[in-house]
$ cat start-v7.json   # JSON, C-alpha atoms and all ligand atoms
[["chain", "number", "residue", "atom", "x", "y", "z"],
["N", 1, "MET", "CA", -3.59, 4.59, 1.78],
["N", 2, "GLU", "CA", -1.11, 3.08, -0.67],
["N", 3, "LYS", "CA", 2.55, 3.39, 0.24],
["N", 4, "MET", "CA", 4.73, 5.48, -2.06],
["N", 5, "ILE", "CA", 8.46, 5.91, -1.43],
["N", 6, "GLY", "CA", 9.99, 9.26, -2.28],
["N", 7, "VAL", "CA", 13.72, 9.75, -2.59],
["N", 8, "ILE", "CA", 15.50, 13.12, -2.61],
["N", 9, "GLY", "CA", 18.97, 12.61, -4.03],
["N", 10, "GLY", "CA", 21.81, 14.86, -2.96],
["N", 11, "SER", "CA", 25.24, 15.62, -4.39],
["N", 12, "GLY", "CA", 26.24, 12.79, -6.72],
["N", 13, "VAL", "CA", 22.80, 11.13, -6.73],
["N", 14, "TYR", "CA", 20.89, 12.50, -9.70],
["N", 15, "GLN", "CA", 18.88, 9.39, -10.68],
["N", 16, "ILE", "CA", 17.83, 5.96, -9.45],
["N", 17, "ASP", "CA", 17.86, 2.71, -11.39],
["N", 18, "GLY", "CA", 15.42, 0.02, -12.38],
["N", 19, "LEU", "CA", 12.07, 1.82, -12.17],
["N", 20, "GLU", "CA", 9.31, 0.15, -14.18],
["N", 21, "GLY", "CA", 7.29, 2.65, -16.21],
["N", 22, "ALA", "CA", 9.90, 5.33, -15.48],
["N", 23, "GLU", "CA", 8.81, 8.80, -16.47],
["N", 24, "TRP", "CA", 10.12, 12.28, -15.61],
["N", 25, "VAL", "CA", 7.03, 14.33, -14.73],
["N", 26, "THR", "CA", 6.65, 18.08, -14.26],
["N", 27, "VAL", "CA", 4.99, 19.06, -10.99],
["N", 28, "ASP", "CA", 3.87, 22.53, -9.98],
["N", 29, "THR", "CA", 2.97, 23.47, -6.41],
["N", 30, "PRO", "CA", 1.50, 26.47, -4.56],
["N", 31, "PHE", "CA", 5.07, 27.00, -3.29],
["N", 32, "GLY", "CA", 6.59, 27.17, -6.77],
["N", 33, "ALA", "CA", 8.43, 24.66, -8.95],
["N", 34, "PRO", "CA", 10.60, 21.94, -7.41],
["N", 35, "SER", "CA", 14.32, 21.62, -8.19],
["N", 36, "ASP", "CA", 13.61, 19.53, -11.30],
["N", 37, "GLN", "CA", 11.10, 17.15, -12.81],
["N", 38, "VAL", "CA", 10.35, 14.10, -10.66],
["N", 39, "LEU", "CA", 11.19, 10.58, -11.86],
["N", 40, "THR", "CA", 8.19, 8.34, -11.13],
["N", 41, "GLY", "CA", 7.66, 4.60, -11.59],
["N", 42, "THR", "CA", 7.39, 1.31, -9.74],
["N", 43, "LEU", "CA", 10.14, -0.70, -8.05],
["N", 44, "HIS", "CA", 9.40, -4.29, -6.98],
["N", 45, "GLY", "CA", 5.67, -3.47, -6.89],
["N", 46, "VAL", "CA", 6.00, -0.25, -4.85],
["N", 47, "LYS", "CA", 5.34, 3.22, -6.28],
["N", 48, "MET", "CA", 8.42, 5.47, -6.25],
["N", 49, "ALA", "CA", 9.21, 9.13, -6.88],
["N", 50, "PHE", "CA", 12.75, 10.50, -7.18],
["N", 51, "LEU", "CA", 13.82, 14.15, -7.13],
["N", 52, "PRO", "CA", 17.42, 15.38, -7.47],
["N", 53, "ARG", "CA", 17.70, 18.03, -4.71],
["N", 54, "HIS", "CA", 20.00, 20.35, -6.68],
["N", 55, "GLY", "CA", 18.42, 19.50, -10.06],
["N", 56, "ARG", "CA", 20.05, 17.41, -12.78],
["N", 57, "GLY", "CA", 23.43, 18.98, -13.53],
["N", 58, "HIS", "CA", 23.59, 20.42, -9.96],
["N", 59, "VAL", "CA", 22.06, 23.83, -10.57],
["N", 60, "GLU", "CA", 20.60, 24.87, -7.18],
["N", 61, "THR", "CA", 22.85, 25.99, -4.32],
["N", 62, "PRO", "CA", 22.11, 24.77, -0.77],
["N", 63, "THR", "CA", 20.42, 28.16, -0.18],
["N", 64, "THR", "CA", 18.40, 28.27, -3.42],
["N", 65, "VAL", "CA", 17.08, 24.68, -3.30],
["N", 66, "PRO", "CA", 13.29, 25.22, -3.30],
["N", 67, "TYR", "CA", 12.75, 23.11, -0.17],
["N", 68, "ARG", "CA", 9.05, 23.92, 0.22],
["N", 69, "ALA", "CA", 8.24, 23.15, -3.41],
["N", 70, "ASN", "CA", 10.23, 19.90, -3.23],
["N", 71, "ILE", "CA", 8.34, 18.61, -0.19],
["N", 72, "ALA", "CA", 5.00, 19.87, -1.54],
["N", 73, "ALA", "CA", 5.65, 18.13, -4.90],
["N", 74, "MET", "CA", 6.36, 14.84, -3.12],
["N", 75, "LYS", "CA", 3.19, 15.18, -1.05],
["N", 76, "GLN", "CA", 1.11, 16.06, -4.14],
["N", 77, "LEU", "CA", 2.37, 12.95, -5.94],
["N", 78, "GLY", "CA", 1.20, 10.80, -3.04],
["N", 79, "VAL", "CA", 4.54, 10.08, -1.37],
["N", 80, "THR", "CA", 4.08, 8.70, 2.15],
["N", 81, "ASP", "CA", 7.68, 7.77, 3.04],
["N", 82, "LEU", "CA", 10.51, 10.13, 2.09],
["N", 83, "VAL", "CA", 14.17, 9.16, 2.15],
["N", 84, "ALA", "CA", 16.74, 11.94, 1.86],
["N", 85, "VAL", "CA", 20.24, 11.14, 0.68],
["N", 86, "SER", "CA", 22.89, 13.73, 1.57],
["N", 87, "ALA", "CA", 26.65, 14.12, 1.26],
["N", 88, "VAL", "CA", 28.16, 15.19, 4.61],
["N", 89, "GLY", "CA", 31.46, 15.90, 6.27],
["N", 90, "SER", "CA", 32.45, 13.92, 9.36],
["N", 91, "LEU", "CA", 33.04, 15.63, 12.70],
["N", 92, "LYS", "CA", 34.34, 12.48, 14.40],
["N", 93, "GLU", "CA", 37.30, 10.20, 13.80],
["N", 94, "ALA", "CA", 35.01, 7.13, 14.00],
["N", 95, "TYR", "CA", 32.99, 8.22, 10.94],
["N", 96, "ALA", "CA", 35.15, 7.79, 7.87],
["N", 97, "PRO", "CA", 34.64, 8.80, 4.25],
["N", 98, "GLY", "CA", 32.65, 6.01, 2.57],
["N", 99, "ASP", "CA", 30.59, 5.22, 5.71],
["N", 100, "PHE", "CA", 26.84, 5.94, 5.88],
["N", 101, "LEU", "CA", 25.17, 7.48, 8.93],
["N", 102, "ILE", "CA", 21.43, 7.40, 9.59],
["N", 103, "VAL", "CA", 20.72, 10.83, 11.07],
["N", 104, "ASP", "CA", 18.41, 11.13, 14.09],
["N", 105, "GLN", "CA", 19.02, 14.69, 15.33],
["N", 106, "TYR", "CA", 19.82, 18.10, 13.85],
["N", 107, "ILE", "CA", 21.27, 21.46, 14.81],
["N", 108, "ASP", "CA", 19.89, 24.12, 12.51],
["N", 109, "ARG", "CA", 22.42, 26.86, 11.71],
["N", 110, "THR", "CA", 20.78, 27.92, 8.43],
["N", 111, "PHE", "CA", 19.38, 31.44, 8.24],
["N", 112, "ALA", "CA", 18.46, 32.34, 4.66],
["N", 113, "ARG", "CA", 15.66, 29.90, 3.84],
["N", 114, "GLU", "CA", 11.88, 29.65, 4.02],
["N", 115, "LYS", "CA", 11.38, 27.15, 6.84],
["N", 116, "SER", "CA", 7.63, 26.65, 7.09],
["N", 117, "PHE", "CA", 4.55, 26.09, 4.94],
["N", 118, "PHE", "CA", 2.62, 28.10, 7.54],
["N", 119, "GLY", "CA", 2.56, 31.89, 7.77],
["N", 120, "PRO", "CA", 0.36, 34.89, 8.44],
["N", 121, "GLY", "CA", -3.31, 33.85, 8.27],
["N", 122, "MET", "CA", -2.49, 30.25, 9.18],
["N", 123, "VAL", "CA", -0.05, 29.90, 12.05],
["N", 124, "GLY", "CA", 1.13, 26.38, 12.78],
["N", 125, "HIS", "CA", 3.70, 24.88, 15.15],
["N", 126, "VAL", "CA", 4.73, 21.22, 14.84],
["N", 127, "SER", "CA", 7.10, 19.38, 17.14],
["N", 128, "VAL", "CA", 10.48, 18.37, 15.76],
["N", 129, "ALA", "CA", 11.81, 17.04, 19.05],
["N", 130, "HIS", "CA", 12.14, 13.71, 17.26],
["N", 131, "PRO", "CA", 12.68, 15.05, 13.75],
["N", 132, "VAL", "CA", 12.97, 11.82, 11.77],
["N", 133, "CYS", "CA", 10.74, 8.76, 11.51],
["N", 134, "ALA", "CA", 12.25, 6.03, 13.72],
["N", 135, "ASP", "CA", 10.65, 3.21, 11.69],
["N", 136, "LEU", "CA", 11.72, 4.52, 8.28],
["N", 137, "SER", "CA", 15.21, 5.23, 9.66],
["N", 138, "ALA", "CA", 15.48, 1.62, 10.87],
["N", 139, "ALA", "CA", 14.46, 0.39, 7.40],
["N", 140, "CYS", "CA", 17.08, 2.63, 5.81],
["N", 141, "ALA", "CA", 19.75, 1.27, 8.16],
["N", 142, "GLU", "CA", 18.75, -2.28, 7.22],
["N", 143, "ALA", "CA", 18.78, -1.40, 3.51],
["N", 144, "ALA", "CA", 22.19, 0.26, 3.89],
["N", 145, "ARG", "CA", 23.64, -2.81, 5.64],
["N", 146, "LYS", "CA", 22.49, -4.95, 2.69],
["N", 147, "THR", "CA", 24.72, -2.89, 0.39],
["N", 148, "GLY", "CA", 27.81, -3.77, 2.42],
["N", 149, "VAL", "CA", 28.70, -0.25, 3.53],
["N", 150, "LYS", "CA", 29.60, 0.52, 7.13],
["N", 151, "VAL", "CA", 26.47, 1.96, 8.72],
["N", 152, "HIS", "CA", 26.22, 4.11, 11.85],
["N", 153, "GLU", "CA", 22.71, 4.29, 13.31],
["N", 154, "GLY", "CA", 21.88, 7.64, 14.88],
["N", 155, "GLY", "CA", 23.87, 10.85, 14.88],
["N", 156, "THR", "CA", 23.49, 14.62, 14.91],
["N", 157, "TYR", "CA", 23.67, 16.60, 11.65],
["N", 158, "VAL", "CA", 24.71, 20.26, 11.77],
["N", 159, "ALA", "CA", 22.97, 22.11, 8.95],
["N", 160, "MET", "CA", 25.05, 25.13, 7.89],
["N", 161, "GLU", "CA", 24.07, 27.79, 5.38],
["N", 162, "GLY", "CA", 27.08, 27.44, 3.08],
["N", 163, "PRO", "CA", 27.95, 27.49, 0.28],
["N", 164, "GLN", "CA", 31.46, 27.94, 1.72],
["N", 165, "PHE", "CA", 32.67, 25.13, 3.96],
["N", 166, "SER", "CA", 33.26, 25.84, 7.69],
["N", 167, "THR", "CA", 36.15, 27.71, 9.23],
["N", 168, "LYS", "CA", 38.34, 25.58, 11.46],
["N", 169, "ALA", "CA", 37.00, 27.41, 14.55],
["N", 170, "GLU", "CA", 33.40, 26.58, 13.51],
["N", 171, "SER", "CA", 34.31, 22.96, 12.83],
["N", 172, "GLU", "CA", 35.92, 22.68, 16.30],
["N", 173, "LEU", "CA", 32.86, 24.32, 17.87],
["N", 174, "TYR", "CA", 30.47, 21.81, 16.29],
["N", 175, "ARG", "CA", 32.72, 19.01, 17.56],
["N", 176, "GLN", "CA", 32.51, 20.46, 21.07],
["N", 177, "TRP", "CA", 28.74, 20.47, 20.73],
["N", 178, "GLY", "CA", 28.97, 16.72, 20.18],
["N", 179, "ALA", "CA", 27.64, 16.86, 16.60],
["N", 180, "ASP", "CA", 28.54, 13.97, 14.28],
["N", 181, "VAL", "CA", 28.26, 15.19, 10.70],
["N", 182, "ILE", "CA", 27.86, 18.46, 8.80],
["N", 183, "GLY", "CA", 26.01, 19.35, 5.62],
["N", 184, "MET", "CA", 24.17, 22.23, 4.00],
["N", 185, "THR", "CA", 20.74, 20.85, 3.07],
["N", 186, "GLY", "CA", 19.28, 18.88, 5.98],
["N", 187, "MET", "CA", 17.38, 21.98, 7.09],
["N", 188, "PRO", "CA", 14.66, 22.97, 6.51],
["N", 189, "GLU", "CA", 13.91, 19.79, 4.56],
["N", 190, "VAL", "CA", 13.28, 17.66, 7.65],
["N", 191, "LYS", "CA", 11.09, 20.34, 9.30],
["N", 192, "LEU", "CA", 8.97, 20.74, 6.18],
["N", 193, "ALA", "CA", 8.55, 16.96, 5.84],
["N", 194, "ARG", "CA", 7.18, 16.91, 9.41],
["N", 195, "GLU", "CA", 4.73, 19.74, 8.59],
["N", 196, "ALA", "CA", 3.62, 17.69, 5.58],
["N", 197, "GLU", "CA", 3.14, 14.65, 7.86],
["N", 198, "LEU", "CA", 5.56, 12.51, 5.83],
["N", 199, "HIS", "CA", 7.67, 9.76, 7.29],
["N", 200, "TYR", "CA", 11.20, 11.12, 6.70],
["N", 201, "ALA", "CA", 14.65, 9.60, 7.13],
["N", 202, "CYS", "CA", 18.08, 10.91, 6.19],
["N", 203, "VAL", "CA", 20.88, 8.73, 4.88],
["N", 204, "ALA", "CA", 24.08, 10.75, 5.24],
["N", 205, "MET", "CA", 26.92, 9.60, 2.99],
["N", 206, "ILE", "CA", 30.21, 10.68, 4.54],
["N", 207, "THR", "CA", 32.47, 12.19, 1.90],
["N", 208, "ASP", "CA", 35.24, 13.83, 3.97],
["N", 209, "PHE", "CA", 36.53, 14.68, 7.41],
["N", 210, "ASP", "CA", 35.69, 18.34, 7.82],
["N", 211, "CYS", "CA", 38.60, 20.81, 8.20],
["N", 212, "TRP", "CA", 39.16, 20.01, 11.91],
["N", 213, "HIS", "CA", 40.92, 16.78, 10.99],
["N", 214, "PRO", "CA", 44.73, 16.82, 11.26],
["N", 215, "ASP", "CA", 45.04, 15.10, 7.87],
["N", 216, "HIS", "CA", 42.75, 17.65, 6.16],
["N", 217, "ASP", "CA", 43.99, 21.15, 5.83],
["N", 218, "ALA", "CA", 40.73, 22.09, 4.08],
["N", 219, "VAL", "CA", 37.68, 20.41, 2.57],
["N", 220, "ASP", "CA", 38.36, 19.82, -1.10],
["N", 221, "VAL", "CA", 35.37, 19.69, -3.48],
["N", 222, "ALA", "CA", 37.19, 17.38, -5.90],
["N", 223, "GLN", "CA", 37.66, 14.86, -3.11],
["N", 224, "VAL", "CA", 34.08, 15.29, -1.87],
["N", 225, "VAL", "CA", 32.73, 14.73, -5.38],
["N", 226, "ALA", "CA", 34.98, 11.69, -5.96],
["N", 227, "VAL", "CA", 33.74, 10.02, -2.74],
["N", 228, "ALA", "CA", 30.13, 11.10, -3.45],
["N", 229, "MET", "CA", 30.32, 9.45, -6.90],
["N", 230, "LYS", "CA", 31.71, 6.25, -5.35],
["N", 231, "ASN", "CA", 28.98, 6.32, -2.67],
["N", 232, "ALA", "CA", 26.25, 7.04, -5.21],
["N", 233, "SER", "CA", 26.06, 3.47, -6.50],
["N", 234, "LYS", "CA", 25.74, 2.25, -2.88],
["N", 235, "ALA", "CA", 22.97, 4.81, -2.35],
["N", 236, "ARG", "CA", 21.16, 3.49, -5.43],
["N", 237, "ASP", "CA", 21.56, -0.10, -4.09],
["N", 238, "LEU", "CA", 20.11, 1.08, -0.78],
["N", 239, "VAL", "CA", 17.09, 2.57, -2.56],
["N", 240, "ALA", "CA", 16.60, -0.67, -4.50],
["N", 241, "ALA", "CA", 16.46, -2.60, -1.20],
["N", 242, "LEU", "CA", 13.78, -0.34, 0.31],
["N", 243, "PRO", "CA", 10.59, -1.62, -1.40],
["N", 244, "ALA", "CA", 11.00, -5.13, 0.01],
["N", 245, "LEU", "CA", 11.54, -3.69, 3.50],
["N", 246, "LEU", "CA", 8.68, -1.20, 3.37],
["N", 247, "LYS", "CA", 6.06, -3.12, 1.35],
["N", 248, "GLY", "CA", 2.50, -2.86, 2.65],
["N", 249, "ALA", "CA", -0.04, -0.18, 3.33],
["N", 250, "ALA", "CA", 1.10, 3.24, 4.46],
["N", 251, "GLY", "CA", 0.19, 3.98, 8.03],
["N", 252, "GLU", "CA", 1.08, 5.28, 11.42],
["N", 253, "CYS", "CA", 4.56, 4.90, 12.90],
["N", 254, "THR", "CA", 6.04, 4.87, 16.37],
["N", 255, "THR", "CA", 7.19, 8.52, 15.95],
["N", 256, "GLY", "CA", 3.70, 9.81, 15.07],
["N", 257, "CYS", "CA", 4.74, 11.48, 11.79],
["N", 258, "THR", "CA", 1.26, 11.21, 10.24],
["N", 259, "ARG", "CA", -0.33, 12.92, 13.28],
["N", 260, "ALA", "CA", 2.04, 15.92, 13.41],
["N", 261, "LEU", "CA", -0.71, 18.43, 12.62],
["N", 262, "ASP", "CA", -3.28, 17.10, 15.10],
["N", 263, "SER", "CA", -2.93, 20.10, 17.40],
["N", 264, "ALA", "CA", -0.50, 22.31, 15.45],
["N", 265, "ILE", "CA", -2.70, 25.06, 14.03],
["N", 266, "MET", "CA", -3.11, 28.10, 16.31],
["N", 267, "THR", "CA", -5.14, 30.44, 14.12],
["N", 268, "ALA", "CA", -8.82, 30.57, 15.06],
["N", 269, "PRO", "CA", -11.07, 29.06, 12.35],
["N", 270, "ASP", "CA", -12.75, 32.43, 11.66],
["N", 271, "LYS", "CA", -9.35, 34.15, 11.28],
["N", 272, "ARG", "CA", -7.83, 31.71, 8.81],
["N", 273, "SER", "CA", -7.12, 33.36, 5.47],
["N", 274, "ALA", "CA", -8.89, 31.86, 2.46],
["N", 275, "GLU", "CA", -5.68, 32.23, 0.44],
["N", 276, "MET", "CA", -3.64, 30.29, 3.00],
["N", 277, "LYS", "CA", -6.33, 27.59, 3.23],
["N", 278, "GLU", "CA", -6.16, 27.11, -0.52],
["N", 279, "LYS", "CA", -2.33, 27.10, -0.50],
["N", 280, "LEU", "CA", -2.17, 24.55, 2.30],
["N", 281, "LYS", "CA", -4.83, 22.18, 0.89],
["N", 282, "THR", "CA", -2.37, 19.39, 0.08],
["N", 283, "ILE", "CA", -0.06, 19.85, 3.07],
["N", 284, "ALA", "CA", -2.62, 20.36, 5.85],
["N", 285, "GLY", "CA", -5.99, 19.53, 4.28],
["N", 286, "ARG", "CA", -6.40, 16.66, 6.74],
["N", 287, "VAL", "CA", -6.83, 19.06, 9.66],
["N", 288, "LEU", "CA", -8.41, 22.06, 7.88],
["N", 289, "ASP", "CA", -12.17, 22.21, 7.48],
["N", 290, "LEU", "CA", -12.19, 22.65, 3.72],
["F", 1, "LIG", "C1", 29.59, 18.91, -2.89],
["F", 1, "LIG", "S1", 29.83, 19.23, -1.20],
["F", 1, "LIG", "C2", 28.61, 20.37, -0.67],
["F", 1, "LIG", "C3", 27.18, 20.02, -0.95],
["F", 1, "LIG", "O1", 26.98, 18.61, -0.84],
["F", 1, "LIG", "C4", 25.93, 18.40, 0.09],
["F", 1, "LIG", "O2", 24.70, 18.43, -0.63],
["F", 1, "LIG", "P1", 23.53, 17.35, -0.42],
["F", 1, "LIG", "O3", 23.14, 17.41, 1.02],
["F", 1, "LIG", "O4", 22.43, 17.78, -1.32],
["F", 1, "LIG", "O5", 24.11, 16.00, -0.78],
["F", 1, "LIG", "C5", 26.10, 19.56, 1.04],
["F", 1, "LIG", "O6", 24.97, 19.72, 1.87],
["F", 1, "LIG", "C6", 26.35, 20.69, 0.11],
["F", 1, "LIG", "O7", 25.17, 21.20, -0.45],
["F", 2, "LIG", "N1", 32.59, 19.14, 5.12],
["F", 2, "LIG", "C1", 31.38, 19.47, 4.68],
["F", 2, "LIG", "N2", 30.74, 20.58, 5.16],
["F", 2, "LIG", "C2", 29.51, 20.90, 4.73],
["F", 2, "LIG", "N3", 28.83, 20.22, 3.80],
["F", 2, "LIG", "C3", 29.42, 19.13, 3.29],
["F", 2, "LIG", "N4", 28.99, 18.26, 2.37],
["F", 2, "LIG", "C4", 29.96, 17.33, 2.20],
["F", 2, "LIG", "N5", 31.03, 17.58, 3.01],
["F", 2, "LIG", "C5", 30.71, 18.71, 3.70]]
$ encode --input "start-v7.json" --output "structure tokens"
Amino acid sequence: MEKMIGVIGGSGVYQIDGLEGAEWVTVDTPFGAPSDQVLTGTLHGVKMAFLPRHGRGHVETPTTVPYRANIAAMKQLGVTDLVAVSAVGSLKEAYAPGDFLIVDQYIDRTFAREKSFFGPGMVGHVSVAHPVCADLSAACAEAARKTGVKVHEGGTYVAMEGPQFSTKAESELYRQWGADVIGMTGMPEVKLAREAELHYACVAMITDFDCWHPDHDAVDVAQVVAVAMKNASKARDLVAALPALLKGAAGECTTGCTRALDSAIMTAPDKRSAEMKEKLKTIAGRVLDL
């Protein structure tokens, strides 16, 4: 299978540069329309697809981002490796605004989102014990280092519902849990990417110390946006460095991302709904007898 790199851009990252044959394409999926059109093209000989998570102009809230449609659209276009870029707050003194952190664990505190492609008539359970692709994450760390930013490899992302920022008590609680950064969109994106058997990595761009910090009375959107805008050019440089690091055929990884569905589906073959089979053709066709 040919490798295709997908990028989901977060706050401040609404486009990527330098694509050959760049074209915004409309994609429809059985899970609805994604946040926006998808920018497709080729970068240094590798096929690319870029989707702004909140839509161009930042229209979708963290709750209304159509996570399932976004992942399904990437899968339909042939994306094999998906890199998520997200603005986050820091929960530790050592992670300063302007630094990048390559996420390797999550705590899911979201509660108002569709979190699975599966459902009645096709019940499926994948493992997210190791939620990101270790190989793609290592490539992202390498690409990030090439841009000159300070990179932290590995860290836990608390996904909160939002859209309000945390209370100080919540922020202190997450720090006690040992979490490293906080954002509003990491979940269920990473879970859905696993269900879709994509290699997925998350590049967290630190924009602020959350409200726990003695120098921050509260998180200030103007400051977050200012840092996000400054980080955005580094994020685009990181994306530009990825094709050279990932070139080659798509394939299996040390995490087992492309085998996630091997034993995930519980529903007996004669009880699987025809409607669900049709809906899940692109996501789970590999393991469904279609
Ligand atoms: C502008 S701060 C809050 C907003 O920024 C982050 O979005 P994304 O992860 O898409 O970069 C955060 O999760 C909130 O949605
Ligand atoms: N402090 C914070 N809390 C939640 N999401 C964020 N995104 C950027 N900074 C954040």
$ closest_residue --input "start-v7.json" --among "N:Val132, N:Leu261, N:Val85, N:Ala284" --to "ligand LIG 2 (chain F)" --atoms "all atoms listed in the file"
N:Val85
$ axis_aligned_box --input "start-v7.json" --around "ligand LIG 2 (chain F)" --padding-each-side "8 Å" --output "lines of an AutoDock Vina configuration file"
center_x = 30.7
center_y = 19.1
center_z = 3.7
size_x = 19.8
size_y = 19.6
size_z = 19.0
$ closest_residue --input "start-v7.json" --among "N:Trp212, N:Tyr95, N:Phe50, N:Trp24" --to "N:Ile71" --atoms "only C-alpha atoms"
N:Phe50
$ closest_residue --input "start-v7.json" --among "N:Ala240, N:Val59, N:Leu280, N:Ile206" --to "N:Leu19" --atoms "only C-alpha atoms"
N:Ala240
$ atom_distance --input "start-v7.json" --atom1 "atom CA of N:Arg68" --atom2 "atom CA of N:Val7"
15.2 Å
$ residues_near_ligand --input "start-v7.json" --ligand "ligand LIG 1 (chain F)" --cutoff "6 Å" --atoms "all atoms listed in the file" --output "PyMOL selection string"
chain N and resi 10-11+53+62+86-88+183-185+221+224-225
$ closest_residue --input "start-v7.json" --among "N:Glu23, N:Asp36, N:Asp270, N:Asp180" --to "ligand LIG 2 (chain F)" --atoms "all atoms listed in the file"
N:Asp180
$ build_atoms --input "start-v7.json" --residues "stretch 119-135 of chain N" --atoms "N, CA, C and O atoms" --output "PDB file, keeping the file's coordinate frame"
ATOM      1  N   GLY N 119       2.212  30.473   7.836  1.00  0.00           N
ATOM      2  CA  GLY N 119       2.560  31.890   7.770  1.00  0.00           C
ATOM      3  C   GLY N 119       1.373  32.705   8.207  1.00  0.00           C
ATOM      4  O   GLY N 119       0.382  32.151   8.716  1.00  0.00           O
ATOM      5  N   PRO N 120       1.450  34.035   8.008  1.00  0.00           N
ATOM      6  CA  PRO N 120       0.360  34.890   8.440  1.00  0.00           C
ATOM      7  C   PRO N 120      -0.978  34.405   7.866  1.00  0.00           C
ATOM      8  O   PRO N 120      -1.075  34.104   6.681  1.00  0.00           O
ATOM      9  N   GLY N 121      -1.993  34.339   8.717  1.00  0.00           N
ATOM     10  CA  GLY N 121      -3.310  33.850   8.270  1.00  0.00           C
ATOM     11  C   GLY N 121      -3.487  32.368   8.514  1.00  0.00           C
ATOM     12  O   GLY N 121      -4.595  31.843   8.433  1.00  0.00           O
ATOM     13  N   MET N 122      -2.414  31.674   8.818  1.00  0.00           N
ATOM     14  CA  MET N 122      -2.490  30.250   9.180  1.00  0.00           C
ATOM     15  C   MET N 122      -1.196  29.912   9.918  1.00  0.00           C
ATOM     16  O   MET N 122      -0.183  29.549   9.325  1.00  0.00           O
ATOM     17  N   VAL N 123      -1.243  30.121  11.227  1.00  0.00           N
ATOM     18  CA  VAL N 123      -0.050  29.900  12.050  1.00  0.00           C
ATOM     19  C   VAL N 123      -0.065  28.460  12.546  1.00  0.00           C
ATOM     20  O   VAL N 123      -1.073  27.997  13.082  1.00  0.00           O
ATOM     21  N   GLY N 124       1.062  27.777  12.341  1.00  0.00           N
ATOM     22  CA  GLY N 124       1.130  26.380  12.780  1.00  0.00           C
ATOM     23  C   GLY N 124       2.473  26.075  13.418  1.00  0.00           C
ATOM     24  O   GLY N 124       3.510  26.606  12.995  1.00  0.00           O
ATOM     25  N   HIS N 125       2.460  25.260  14.463  1.00  0.00           N
ATOM     26  CA  HIS N 125       3.700  24.880  15.150  1.00  0.00           C
ATOM     27  C   HIS N 125       3.719  23.359  15.320  1.00  0.00           C
ATOM     28  O   HIS N 125       2.897  22.822  16.078  1.00  0.00           O
ATOM     29  N   VAL N 126       4.607  22.675  14.635  1.00  0.00           N
ATOM     30  CA  VAL N 126       4.730  21.220  14.840  1.00  0.00           C
ATOM     31  C   VAL N 126       5.934  20.950  15.740  1.00  0.00           C
ATOM     32  O   VAL N 126       6.846  21.766  15.834  1.00  0.00           O
ATOM     33  N   SER N 127       5.938  19.788  16.348  1.00  0.00           N
ATOM     34  CA  SER N 127       7.100  19.380  17.140  1.00  0.00           C
ATOM     35  C   SER N 127       8.135  18.713  16.230  1.00  0.00           C
ATOM     36  O   SER N 127       7.780  17.886  15.388  1.00  0.00           O
ATOM     37  N   VAL N 128       9.397  19.103  16.437  1.00  0.00           N
ATOM     38  CA  VAL N 128      10.480  18.370  15.760  1.00  0.00           C
ATOM     39  C   VAL N 128      11.470  17.849  16.806  1.00  0.00           C
ATOM     40  O   VAL N 128      12.659  17.700  16.529  1.00  0.00           O
ATOM     41  N   ALA N 129      10.949  17.602  18.000  1.00  0.00           N
ATOM     42  CA  ALA N 129      11.810  17.040  19.050  1.00  0.00           C
ATOM     43  C   ALA N 129      12.453  15.747  18.555  1.00  0.00           C
ATOM     44  O   ALA N 129      13.636  15.487  18.786  1.00  0.00           O
ATOM     45  N   HIS N 130      11.651  14.952  17.882  1.00  0.00           N
ATOM     46  CA  HIS N 130      12.140  13.710  17.260  1.00  0.00           C
ATOM     47  C   HIS N 130      11.947  13.902  15.758  1.00  0.00           C
ATOM     48  O   HIS N 130      10.911  13.512  15.206  1.00  0.00           O
ATOM     49  N   PRO N 131      12.926  14.524  15.101  1.00  0.00           N
ATOM     50  CA  PRO N 131      12.680  15.050  13.750  1.00  0.00           C
ATOM     51  C   PRO N 131      12.533  14.013  12.640  1.00  0.00           C
ATOM     52  O   PRO N 131      11.938  14.313  11.611  1.00  0.00           O
ATOM     53  N   VAL N 132      13.074  12.822  12.838  1.00  0.00           N
ATOM     54  CA  VAL N 132      12.970  11.820  11.770  1.00  0.00           C
ATOM     55  C   VAL N 132      12.040  10.688  12.207  1.00  0.00           C
ATOM     56  O   VAL N 132      11.766  10.522  13.392  1.00  0.00           O
ATOM     57  N   CYS N 133      11.594   9.910  11.225  1.00  0.00           N
ATOM     58  CA  CYS N 133      10.740   8.760  11.510  1.00  0.00           C
ATOM     59  C   CYS N 133      11.624   7.582  11.957  1.00  0.00           C
ATOM     60  O   CYS N 133      12.481   7.127  11.190  1.00  0.00           O
ATOM     61  N   ALA N 134      11.394   7.115  13.180  1.00  0.00           N
ATOM     62  CA  ALA N 134      12.250   6.030  13.720  1.00  0.00           C
ATOM     63  C   ALA N 134      12.101   4.759  12.879  1.00  0.00           C
ATOM     64  O   ALA N 134      13.093   4.054  12.636  1.00  0.00           O
ATOM     65  N   ASP N 135      10.884   4.470  12.426  1.00  0.00           N
ATOM     66  CA  ASP N 135      10.650   3.210  11.690  1.00  0.00           C
ATOM     67  C   ASP N 135      11.311   3.263  10.311  1.00  0.00           C
ATOM     68  O   ASP N 135      11.966   2.308   9.876  1.00  0.00           O
TER      69      ASP N 135
END
